[in-house]
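Structure file query-v3.cif with mmCIF, C-alpha atoms:
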data_final
#
loop_
_atom_site.label_atom_id
_atom_site.label_comp_id
_atom_site.auth_asym_id
_atom_site.auth_seq_id
_atom_site.Cartn_x
_atom_site.Cartn_y
_atom_site.Cartn_z
CA MET A 1 -1.34 -19.37 9.83
CA SER A 2 -2.79 -22.31 11.69
CA ASP A 3 -6.01 -21.98 13.56
CA PRO A 4 -5.42 -23.03 17.16
CA ASP A 5 -8.05 -20.89 18.87
CA GLY A 6 -10.67 -20.15 16.29
CA LYS A 7 -8.70 -17.26 14.84
CA LEU A 8 -10.20 -17.80 11.40
CA ASP A 9 -13.72 -17.54 12.76
CA SER A 10 -12.89 -14.34 14.52
CA ASP A 11 -11.12 -13.02 11.39
CA ALA A 12 -14.26 -13.63 9.35
CA ARG A 13 -16.37 -11.98 12.04
CA LEU A 14 -14.04 -8.97 12.19
CA VAL A 15 -14.12 -8.62 8.40
CA GLU A 16 -17.91 -8.70 8.46
CA GLU A 17 -18.01 -6.04 11.15
CA ALA A 18 -15.46 -3.92 9.31
CA ARG A 19 -17.55 -4.20 6.16
CA SER A 20 -20.56 -2.93 8.02
CA GLY A 21 -18.60 0.12 9.09
CA SER A 22 -16.82 -0.82 12.31
CA ARG A 23 -13.43 0.88 12.30
CA GLU A 24 -12.49 -0.87 15.55
CA ALA A 25 -12.94 -4.27 13.95
CA PHE A 26 -10.56 -3.29 11.17
CA GLY A 27 -8.17 -1.96 13.79
CA CYS A 28 -8.15 -5.41 15.43
CA LEU A 29 -7.28 -6.99 12.07
CA VAL A 30 -4.46 -4.49 11.55
CA GLN A 31 -3.03 -5.18 15.00
CA ARG A 32 -3.32 -8.90 14.42
CA TYR A 33 -1.43 -8.98 11.11
CA GLU A 34 0.84 -5.91 11.12
CA ARG A 35 3.91 -7.61 12.55
CA ARG A 36 3.71 -10.59 10.19
CA LEU A 37 3.16 -8.30 7.25
CA MET A 38 6.06 -6.01 8.14
CA LYS A 39 8.34 -9.00 8.60
CA VAL A 40 7.51 -10.27 5.10
CA ILE A 41 7.92 -6.80 3.58
CA SER A 42 11.29 -6.37 5.31
CA ARG A 43 12.55 -9.37 3.32
CA PHE A 44 12.18 -7.34 0.16
CA VAL A 45 12.92 -3.81 1.38
CA ARG A 46 15.71 -2.67 3.72
CA ASP A 47 14.66 0.81 4.74
CA PRO A 48 12.42 0.58 7.85
CA ASP A 49 10.53 3.75 6.88
CA VAL A 50 9.70 2.29 3.49
CA VAL A 51 8.67 -1.00 5.12
CA GLU A 52 6.27 0.87 7.39
CA ASP A 53 4.95 2.96 4.54
CA ILE A 54 4.27 -0.12 2.40
CA ALA A 55 2.54 -1.83 5.33
CA GLN A 56 0.30 1.19 5.89
CA GLU A 57 -0.50 1.38 2.20
CA THR A 58 -1.34 -2.33 2.22
CA PHE A 59 -3.86 -1.93 5.05
CA LEU A 60 -5.33 1.12 3.36
CA LYS A 61 -5.82 -0.85 0.14
CA ALA A 62 -7.28 -3.76 2.10
CA PHE A 63 -9.78 -1.41 3.73
CA ARG A 64 -10.84 -0.04 0.35
CA ARG A 65 -11.20 -3.55 -1.07
CA LEU A 66 -12.95 -5.20 1.86
CA ASP A 67 -16.06 -5.71 -0.26
CA GLN A 68 -13.97 -7.76 -2.72
CA PHE A 69 -12.71 -10.12 -0.02
CA ASP A 70 -14.12 -13.63 -0.26
CA ALA A 71 -15.29 -14.37 3.28
CA SER A 72 -14.95 -18.12 2.73
CA ARG A 73 -11.17 -17.69 2.46
CA ARG A 74 -8.59 -16.69 5.03
CA PHE A 75 -7.74 -13.07 5.69
CA GLY A 76 -4.00 -13.70 6.31
CA PRO A 77 -3.01 -14.82 2.79
CA TRP A 78 -5.22 -12.11 1.31
CA ILE A 79 -3.51 -9.28 3.19
CA LEU A 80 -0.07 -10.77 2.49
CA ARG A 81 -0.88 -10.98 -1.21
CA ILE A 82 -1.80 -7.28 -1.23
CA GLY A 83 1.41 -6.60 0.69
CA VAL A 84 3.67 -8.50 -1.73
CA ASN A 85 2.04 -6.79 -4.72
CA GLN A 86 2.47 -3.43 -3.00
CA VAL A 87 6.17 -4.21 -2.47
CA TYR A 88 6.65 -4.86 -6.17
CA ASP A 89 4.68 -1.73 -7.12
CA THR A 90 6.90 0.34 -4.84
CA LEU A 91 10.12 -1.22 -6.10
CA ARG A 92 9.01 -0.69 -9.69
CA GLY A 93 8.30 2.98 -8.97
CA LYS A 94 11.65 3.35 -7.24
CA ARG A 95 13.49 1.82 -10.20
CA ARG A 96 11.70 4.21 -12.53
CA ARG A 97 12.65 7.19 -10.36
CA ASN A 98 16.28 6.03 -10.22
CA TRP A 99 16.32 5.78 -13.99
CA LEU A 100 14.91 9.28 -14.34
CA ARG A 101 17.41 10.60 -11.81
CA LEU A 102 20.20 9.69 -14.20
CA PHE A 103 19.03 12.60 -16.34
CA SER A 104 18.59 15.09 -13.53
CA ASP A 105 21.07 17.10 -11.47
CA SER A 106 19.25 16.72 -8.17
CA PRO A 107 21.18 15.01 -5.40
CA SER A 108 20.37 11.38 -4.71
CA ASP A 109 17.79 10.77 -2.03
CA HIS A 110 18.96 7.24 -1.48
CA SER A 111 19.03 6.72 2.27
CA PRO A 112 21.81 4.65 3.75
CA ASP A 113 21.02 1.17 4.98
CA PRO A 114 19.99 0.98 8.62
CA PRO A 115 22.77 0.02 11.01
CA ASP A 116 22.95 -3.67 11.70
CA LYS A 117 23.36 -4.73 15.29
CA GLN A 118 24.78 -8.12 14.29
CA PRO A 119 27.96 -7.24 12.39
CA HIS A 120 29.34 -10.79 12.46
CA ASN A 121 26.39 -11.98 10.41
CA ARG A 122 26.13 -8.91 8.23
CA GLU A 123 28.49 -10.01 5.51
CA LEU A 124 26.71 -13.31 4.99
CA HIS A 125 23.35 -11.57 5.19
CA GLU A 126 24.39 -9.07 2.54
CA GLU A 127 25.79 -11.76 0.26
CA VAL A 128 22.63 -13.86 0.53
CA ARG A 129 20.51 -10.80 -0.08
CA GLN A 130 22.42 -9.93 -3.21
CA VAL A 131 22.08 -13.46 -4.53
CA LEU A 132 18.35 -13.36 -3.78
CA ASP A 133 18.02 -10.01 -5.53
CA GLY A 134 19.56 -11.56 -8.63
CA LEU A 135 16.82 -14.20 -8.89
CA PRO A 136 13.71 -13.64 -11.01
CA LYS A 137 10.80 -12.15 -9.08
CA THR A 138 8.67 -15.30 -8.92
CA TYR A 139 11.45 -17.50 -7.61
CA ARG A 140 12.63 -14.88 -5.13
CA THR A 141 9.13 -14.46 -3.72
CA ILE A 142 8.56 -18.18 -3.33
CA LEU A 143 11.95 -18.70 -1.72
CA ILE A 144 11.40 -15.86 0.75
CA LEU A 145 7.93 -17.02 1.71
CA ARG A 146 8.83 -20.69 2.06
CA ASP A 147 12.44 -20.80 3.25
CA LEU A 148 12.75 -17.53 5.14
CA GLU A 149 9.22 -16.97 6.40
CA SER A 150 8.46 -20.70 6.79
CA PHE A 151 5.02 -20.65 5.23
CA SER A 152 3.92 -24.08 4.04
CA THR A 153 3.65 -24.65 0.30
CA ALA A 154 -0.15 -24.59 0.67
CA GLU A 155 0.04 -21.19 2.35
CA VAL A 156 2.42 -19.86 -0.30
CA ALA A 157 -0.03 -21.07 -2.93
CA ALA A 158 -2.85 -19.23 -1.15
CA ILE A 159 -0.80 -16.03 -0.93
CA LEU A 160 0.27 -16.10 -4.56
CA GLN A 161 -3.04 -17.50 -5.84
CA ARG A 162 -1.35 -20.41 -7.57
CA ARG A 163 -1.91 -24.15 -7.43
CA GLU A 164 0.14 -25.91 -4.80
CA SER A 165 1.74 -28.22 -7.37
CA THR A 166 2.88 -25.17 -9.36
CA VAL A 167 4.35 -23.62 -6.24
CA ARG A 168 6.22 -26.84 -5.40
CA TRP A 169 7.88 -27.05 -8.80
CA LYS A 170 8.72 -23.37 -8.79
CA LEU A 171 10.14 -23.82 -5.31
CA ALA A 172 12.39 -26.64 -6.53
CA GLU A 173 13.57 -24.46 -9.40
CA ALA A 174 14.08 -21.50 -7.05
CA ARG A 175 16.23 -23.55 -4.69
CA LYS A 176 18.27 -24.89 -7.58
CA ARG A 177 18.84 -21.41 -8.99
CA PHE A 178 19.73 -20.02 -5.60
CA GLN A 179 22.23 -22.83 -5.04
CA GLN A 180 23.88 -22.22 -8.42
CA ALA A 181 24.09 -18.46 -7.86
CA TRP A 182 25.33 -18.98 -4.30
CA GLU A 183 28.09 -21.29 -5.45
CA ILE A 184 29.27 -18.77 -8.03
CA ARG A 185 29.28 -16.13 -5.30
CA VAL A 186 31.28 -18.29 -2.94
CA ARG A 187 33.75 -19.18 -5.68
CA GLN A 188 34.19 -15.49 -6.51
CA SER A 189 34.71 -14.63 -2.86
CA ALA A 190 37.34 -17.35 -2.58
CA GLY A 191 39.33 -15.54 -5.25
CA GLU A 192 39.27 -12.30 -3.28
CA PRO A 193 41.36 -12.31 -0.08
CA GLY A 194 39.14 -9.80 1.73
CA ARG A 195 36.04 -11.95 1.28
CA LEU A 196 37.26 -15.28 2.50
CA SER A 197 35.06 -15.10 5.57
CA ILE A 198 31.97 -15.75 3.44
CA GLN A 199 33.36 -19.01 2.28
CA LYS A 200 34.33 -19.92 5.83
CA GLN A 201 30.87 -19.07 7.09
CA SER A 202 29.29 -20.99 4.28
CA SER A 203 31.44 -24.06 4.82
CA ALA A 204 30.43 -23.98 8.48
CA PHE A 205 26.99 -25.05 7.24
CA ASP A 206 28.26 -28.28 5.74
CA ILE A 207 25.53 -30.74 6.47
CA PRO A 208 25.70 -34.47 6.03
CA ALA A 209 23.01 -35.91 3.79
CA VAL A 210 20.50 -36.58 6.54
CA PRO A 211 16.91 -36.90 5.41
CA PRO A 212 14.88 -33.91 6.55
CA SER A 213 11.48 -34.44 8.03
CA SER A 214 8.87 -34.51 5.29
CA SER A 215 6.10 -32.03 5.77
CA SER A 216 3.61 -31.88 2.96
CA MET B 217 23.16 -43.28 -13.20
CA LYS B 218 19.70 -44.63 -13.85
CA PHE B 219 16.68 -42.49 -12.86
CA CYS B 220 18.89 -39.49 -12.01
CA HIS B 221 16.85 -37.37 -14.43
CA TYR B 222 13.74 -38.30 -12.44
CA PHE B 223 15.17 -37.57 -9.00
CA LYS B 224 17.24 -34.50 -9.87
CA PRO B 225 14.37 -31.98 -9.68
CA ARG B 226 13.05 -33.66 -6.53
CA LEU B 227 16.31 -33.20 -4.63
CA ALA B 228 15.59 -29.51 -4.05
CA LEU B 229 12.16 -30.32 -2.62
CA TRP B 230 13.59 -33.04 -0.41
CA ALA B 231 16.27 -30.66 0.91
CA GLY B 232 13.53 -28.54 2.43
CA GLY B 233 11.25 -31.39 3.51
CA ASP B 234 8.69 -30.65 0.81
CA LEU B 235 8.60 -34.04 -0.91
CA ASN B 236 5.75 -36.54 -0.50
CA PRO B 237 6.64 -39.42 1.85
CA SER B 238 6.37 -42.03 -0.92
CA GLU B 239 8.65 -40.06 -3.24
CA ALA B 240 10.99 -39.33 -0.35
CA ASP B 241 11.41 -43.08 0.30
CA ALA B 242 12.21 -43.71 -3.36
CA LEU B 243 14.68 -40.83 -3.40
CA GLN B 244 16.38 -42.11 -0.27
CA SER B 245 16.88 -45.52 -1.89
CA HIS B 246 18.31 -43.81 -4.94
CA LEU B 247 20.68 -41.69 -2.85
CA ALA B 248 22.07 -44.83 -1.28
CA ILE B 249 23.40 -45.96 -4.66
CA CYS B 250 24.05 -42.65 -6.46
CA PRO B 251 26.97 -40.55 -5.19
CA ALA B 252 26.40 -37.88 -7.87
CA CYS B 253 22.91 -37.14 -6.55
CA GLY B 254 24.31 -37.24 -3.02
CA ASP B 255 26.77 -34.48 -3.97
CA ARG B 256 24.00 -32.45 -5.57
CA LEU B 257 21.90 -32.78 -2.45
CA GLN B 258 24.76 -31.66 -0.24
CA GLN B 259 25.29 -28.54 -2.37
CA LEU B 260 21.59 -27.73 -2.14
CA GLN B 261 21.60 -28.19 1.62
CA GLN B 262 24.65 -25.97 2.04
CA ALA B 263 23.04 -23.17 0.05
CA ARG B 264 19.81 -23.57 1.97
CA ALA B 265 21.62 -23.49 5.30
CA ALA B 266 23.38 -20.28 4.28
CA LEU B 267 19.99 -18.82 3.41
CA GLU B 268 18.49 -19.78 6.76
CA HIS B 269 21.49 -18.64 8.83
CA SER B 270 21.62 -15.27 7.14
CA ASP B 271 18.27 -14.53 8.61
CA PRO B 272 18.56 -11.88 11.32
CA GLU B 273 15.21 -10.35 12.10
CA PRO B 274 15.41 -6.57 11.65
CA THR B 275 15.84 -4.98 15.07
CA TYR B 276 13.10 -2.45 14.45
CA LEU B 277 10.59 -5.32 14.33
CA GLU B 278 11.43 -6.51 17.83
CA GLN B 279 9.20 -3.94 19.48
CA PRO B 280 7.25 -2.28 16.72
CA ARG B 281 4.77 0.45 17.44
CA SER B 282 1.34 -0.30 16.09
CA LEU B 283 0.52 0.95 12.62
CA TRP B 284 -3.14 1.33 13.47
CA PRO B 285 -3.13 5.02 14.58
CA ASP B 286 -1.47 6.05 11.30
CA VAL B 287 -3.62 3.73 9.19
CA ASN B 288 -6.74 5.01 10.94
CA ARG B 289 -5.70 8.60 10.23
CA ARG B 290 -5.12 7.80 6.56
CA ILE B 291 -8.47 6.03 6.27
CA THR B 292 -10.21 9.05 7.79
CA ALA B 293 -8.41 11.35 5.35
CA ALA B 294 -9.27 9.09 2.40
CA LEU B 295 -12.93 8.96 3.39
CA ALA B 296 -13.08 12.73 3.77
CA ILE B 297 -12.18 13.26 0.13
CA PRO B 298 -15.38 12.93 -1.92
CA ARG B 299 -15.02 10.48 -4.76
CA VAL B 300 -15.49 12.20 -8.08
CA PRO B 301 -17.60 10.18 -10.52
CA VAL B 302 -15.85 9.10 -13.70
CA TYR B 303 -17.82 11.39 -15.98
CA ARG B 304 -16.78 14.42 -13.92
CA ARG B 305 -13.07 13.74 -14.17
CA LYS B 306 -11.18 16.07 -16.47
CA TRP B 307 -8.78 13.49 -17.82
CA VAL B 308 -11.68 11.36 -19.12
CA TRP B 309 -12.96 14.22 -21.27
CA ARG B 310 -9.48 15.17 -22.39
CA THR B 311 -8.69 11.60 -23.46
CA ALA B 312 -12.01 11.31 -25.29
CA ALA B 313 -11.41 14.63 -27.12
CA ALA B 314 -7.88 13.61 -28.11
CA SER B 315 -9.13 10.24 -29.42
CA LEU B 316 -11.86 11.94 -31.46
CA LEU B 317 -9.35 14.36 -32.91
CA VAL B 318 -7.05 11.52 -33.97
CA LEU B 319 -9.97 9.63 -35.54
CA ALA B 320 -11.23 12.70 -37.40
CA THR B 321 -7.73 13.47 -38.70
CA TRP B 322 -7.33 9.92 -39.91
CA ALA B 323 -10.75 10.00 -41.63
CA VAL B 324 -10.15 13.23 -43.58
CA TRP B 325 -6.46 12.71 -44.28
CA PRO B 326 -5.91 12.92 -48.08
CA ARG B 327 -4.69 9.65 -49.54
CA GLY B 328 -2.32 9.70 -52.55
CA PRO B 329 -2.85 7.86 -55.89
CA VAL B 330 -2.53 4.12 -55.82
CA GLY B 331 0.93 3.00 -56.95
CA PRO B 332 1.73 0.52 -59.71
CA GLY B 333 1.77 -2.39 -57.29
CA LYS B 334 3.40 -5.75 -57.84
CA PRO B 335 3.51 -7.08 -61.40
CA ASP B 336 1.40 -10.12 -62.14
CA PRO B 337 3.81 -13.11 -62.28
CA ARG B 338 1.58 -14.85 -64.83
CA SER B 339 1.84 -11.91 -67.16
CA THR B 340 4.08 -12.45 -70.25
CA ALA B 341 4.20 -8.81 -71.23
CA HIS B 342 7.47 -7.29 -72.38
CA PRO B 343 8.09 -3.63 -73.05
CA GLY B 344 6.59 -2.73 -76.39
CA MET B 345 4.50 -5.89 -76.64
CA LEU B 346 0.81 -6.34 -76.14
CA GLU B 347 0.07 -7.95 -72.80
CA VAL B 348 -1.62 -11.31 -73.20
CA PRO B 349 -2.74 -12.90 -69.94
CA VAL B 350 -2.02 -16.61 -69.67
CA GLN B 351 -5.15 -18.72 -69.45
CA GLN B 352 -3.67 -22.12 -68.87
CA GLU B 353 -6.46 -23.52 -66.78
CA SER B 354 -9.27 -22.46 -69.07
CA ASP B 355 -7.31 -23.66 -72.17
CA SER B 356 -6.67 -27.06 -70.69
CA THR B 357 -10.27 -27.46 -69.65
CA GLN B 358 -11.39 -26.43 -73.12
CA SER B 359 -9.12 -28.98 -74.84
CA GLN B 360 -10.24 -31.61 -72.38
CA SER B 361 -13.88 -30.98 -73.17
CA GLN B 362 -13.04 -31.05 -76.89
CA SER B 363 -11.30 -34.42 -76.60
CA GLU B 364 -14.25 -35.76 -74.65
CA ARG B 365 -16.56 -34.54 -77.41
CA PHE B 366 -14.61 -36.36 -80.14
#

For the file at hand, write its structure as structure tokens.
Amino acid sequence: MSDPDGKLDSDARLVEEARSGSREAFGCLVQRYERRLMKVISRFVRDPDVVEDIAQETFLKAFRRLDQFDASRRFGPWILRIGVNQVYDTLRGKRRRNWLRLFSDSPSDHSPDPPDKQPHNRELHEEVRQVLDGLPKTYRTILILRDLESFSTAEVAAILQRRESTVRWKLAEARKRFQQAWEIRVRQSAGEPGRLSIQKQSSAFDIPAVPPSSSS
Amino acid sequence: MKFCHYFKPRLALWAGGDLNPSEADALQSHLAICPACGDRLQQLQQARAALEHSDPEPTYLEQPRSLWPDVNRRITAALAIPRVPVYRRKWVWRTAAASLLVLATWAVWPRGPVGPGKPDPRSTAHPGMLEVPVQQESDSTQSQSQSERF
């Protein structure tokens, strides 16, 4: 979310125009942020239809709340914050429905996962996803935004409306928790002959202790 | 090892390049002499690498169709529905009526006689004896004032 060509200025201008009733201006904002938003949402939700639905709902909410948007801030973190909250609202509703379904006779409407075109990476992807799903919500969100979506800690802080120092310490804790859970997973897979490939894939990422470039 | 407790939480930040340069220098010096922290760092980096490499972008995002036509349609539909003011919503009146009913029931609900309650621990009464409350404080103050008088 850097500002190489005055994007922030034009965002603010578009928001102002959208506030004064220009639907086209809001359309420009949607087209500008839809792909980024859908990519973030797809980290939390697998079903592409649900991803699209959540993204639409996010833009709809943003449109309704345009008058609450602080024009001195950036539009990107604001829309992503609405998106992440919408994801958790949807997941919460889905969990509730699943719980209620236990007491009903209706057939499950759970749709199968979309086919993956990269089967060699699927096992690792699934394993990582399951480990991520096991983390508490705050840590999972921070880890996804920072390590998978490559937002800076300042941007994550803006999205989650937290202080950057708080985000950094939560990030450290999130990485530590992920590492512990990942190791347990790898150890378990080593005990099962059919799942040895995970360990092999994981050991392929053995990295010598080279200092990474500091970026803060 | 000395200072491990200080550097341990910073290892995870360093693994992702999120540590301040000054702290990163100090950590690097520490890593040169502490194999335990070196092992910890390697474990963190392995887990992080697995996380990054498991990152296939969903194929449906490669060439997504724009959401704008659908969003625009939904906005139009939402604007077409007139917003009902709060006082004209049925659930507001129903909730208010239910609350009033609960309050009224509570107010007129008959309350039973007051029970015996807890016995007074200072009481020396026994069954069949006249209850004589203990007045230690007043007695002592009386005797004190008497002694002062004499």

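Of the listed residues (B:Ala242, B:Ala252, B:Ala263, B:Ala320), B:Ala263 comes nearest to chain A; the distances count all atoms listed in the file.
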
Name all residues at most 10 Å from A:Tyr88 (count only C-alpha atoms; drop same-chain ones fewer than 6 positions away) and give them as an mmCIF file with C-alpha atoms, in the frame of the given file.
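Below is the file that was written, part.cif:
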data_model
loop_
_atom_site.group_PDB
_atom_site.id
_atom_site.type_symbol
_atom_site.label_atom_id
_atom_site.label_comp_id
_atom_site.auth_asym_id
_atom_site.auth_seq_id
_atom_site.Cartn_x
_atom_site.Cartn_y
_atom_site.Cartn_z
ATOM 1 C CA PHE A 44 12.180 -7.340 0.160
ATOM 2 C CA VAL A 45 12.920 -3.810 1.380
ATOM 3 C CA LYS A 94 11.650 3.350 -7.240
ATOM 4 C CA LYS A 137 10.800 -12.150 -9.080
#

### Query
Could you work out how far atom CA of B:Val302 lies from atom CA of A:Ile82, giving the answer in Å with one decimal?
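Those two atoms sit 24.9 Å apart.
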
Would you give me, as CSV, each residue of chain B having an atom within 8 Å of an atom of chain A, along with its shortest atom pair and that distance in Å to one decimal, using only C-alpha atoms and sorting by chain and residue number?
residue,atom,partner,partner_atom,distance
B:Pro225,CA,A:Ala172,CA,6.5
B:Arg226,CA,A:Ala172,CA,7.1
B:Leu227,CA,A:Ala172,CA,7.9
B:Ala228,CA,A:Ala172,CA,5.0
B:Leu229,CA,A:Ala172,CA,5.4
B:Trp230,CA,A:Pro212,CA,7.1
B:Ala231,CA,A:Pro212,CA,6.7
B:Gly232,CA,A:Pro212,CA,6.9
B:Gly233,CA,A:Ser214,CA,4.3
B:Asp234,CA,A:Ser216,CA,5.7
B:Leu235,CA,A:Ser214,CA,6.2
B:Asn236,CA,A:Ser216,CA,6.2
B:Pro237,CA,A:Ser214,CA,6.4
B:Ala240,CA,A:Ser214,CA,7.7
B:Gln244,CA,A:Pro211,CA,7.7
B:Gly254,CA,A:Ala209,CA,7.1
B:Leu257,CA,A:Ala209,CA,7.1
B:Gln258,CA,A:Ala209,CA,6.1
B:Gln259,CA,A:Gln179,CA,7.0
B:Leu260,CA,A:Gln179,CA,5.7
B:Gln261,CA,A:Ile207,CA,6.7
B:Gln262,CA,A:Asp206,CA,5.7
B:Ala263,CA,A:Gln179,CA,5.2
B:Arg264,CA,A:Gln179,CA,7.5
B:Ala265,CA,A:Phe205,CA,5.9
B:Ala266,CA,A:Ser202,CA,6.0
B:Leu267,CA,A:Val128,CA,6.3
B:Glu268,CA,A:Leu148,CA,6.4
B:Ser270,CA,A:His125,CA,4.5
B:Asp271,CA,A:His125,CA,6.8
B:Pro272,CA,A:His125,CA,7.8
B:Glu273,CA,A:Lys39,CA,7.8
B:Pro274,CA,A:Ser42,CA,7.6
B:Thr275,CA,A:Lys117,CA,7.5
B:Tyr276,CA,A:Pro48,CA,7.3
B:Leu277,CA,A:Lys39,CA,7.2
B:Pro280,CA,A:Arg35,CA,7.5
B:Ser282,CA,A:Gln31,CA,6.6
B:Leu283,CA,A:Gln56,CA,6.7
B:Trp284,CA,A:Gly27,CA,6.0
B:Asp286,CA,A:Gln56,CA,7.5
B:Val287,CA,A:Gln56,CA,5.7
B:Asn288,CA,A:Gly27,CA,7.7
B:Arg290,CA,A:Leu60,CA,7.4
B:Ile291,CA,A:Leu60,CA,6.5

Store the residues picked out above, limited to C-alpha atoms, as a compact mmCIF listing (two decimals), in the frame of the given file.
# COMPACT_ATOMS: atom_id res chain seq x y z
CA PRO B 225 14.37 -31.98 -9.68
CA ARG B 226 13.05 -33.66 -6.53
CA LEU B 227 16.31 -33.20 -4.63
CA ALA B 228 15.59 -29.51 -4.05
CA LEU B 229 12.16 -30.32 -2.62
CA TRP B 230 13.59 -33.04 -0.41
CA ALA B 231 16.27 -30.66 0.91
CA GLY B 232 13.53 -28.54 2.43
CA GLY B 233 11.25 -31.39 3.51
CA ASP B 234 8.69 -30.65 0.81
CA LEU B 235 8.60 -34.04 -0.91
CA ASN B 236 5.75 -36.54 -0.50
CA PRO B 237 6.64 -39.42 1.85
CA ALA B 240 10.99 -39.33 -0.35
CA GLN B 244 16.38 -42.11 -0.27
CA GLY B 254 24.31 -37.24 -3.02
CA LEU B 257 21.90 -32.78 -2.45
CA GLN B 258 24.76 -31.66 -0.24
CA GLN B 259 25.29 -28.54 -2.37
CA LEU B 260 21.59 -27.73 -2.14
CA GLN B 261 21.60 -28.19 1.62
CA GLN B 262 24.65 -25.97 2.04
CA ALA B 263 23.04 -23.17 0.05
CA ARG B 264 19.81 -23.57 1.97
CA ALA B 265 21.62 -23.49 5.30
CA ALA B 266 23.38 -20.28 4.28
CA LEU B 267 19.99 -18.82 3.41
CA GLU B 268 18.49 -19.78 6.76
CA SER B 270 21.62 -15.27 7.14
CA ASP B 271 18.27 -14.53 8.61
CA PRO B 272 18.56 -11.88 11.32
CA GLU B 273 15.21 -10.35 12.10
CA PRO B 274 15.41 -6.57 11.65
CA THR B 275 15.84 -4.98 15.07
CA TYR B 276 13.10 -2.45 14.45
CA LEU B 277 10.59 -5.32 14.33
CA PRO B 280 7.25 -2.28 16.72
CA SER B 282 1.34 -0.30 16.09
CA LEU B 283 0.52 0.95 12.62
CA TRP B 284 -3.14 1.33 13.47
CA ASP B 286 -1.47 6.05 11.30
CA VAL B 287 -3.62 3.73 9.19
CA ASN B 288 -6.74 5.01 10.94
CA ARG B 290 -5.12 7.80 6.56
CA ILE B 291 -8.47 6.03 6.27

### Task
Please indicate the distance in Å from atom CA of B:Ile297 to atom CA of A:Ile79, rounded to one decimal place.
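The value is 24.3 Å.
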
Go ahead and fit an axis-aligned box to every listed atom of stretch 155-168 of chain A plus 4 Å each side, and pass me the centre and edge lengths in Å, one decimal, as JSON.
{"center_x": 1.6, "center_y": -22.1, "center_z": -3.5, "size_x": 17.3, "size_y": 20.2, "size_z": 19.7}

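Across the model, the gap from atom CA of A:Gly134 to atom CA of A:Val87 is 16.5 Å.
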
### Query
So which residues get picked by the PyMOL selection byres ((chain A and resi 155) around 12) here, written as a ChimeraX atom specification?
/A:1-2,73-78,80-81,142,145-146,149-154,156-164,167-168,216
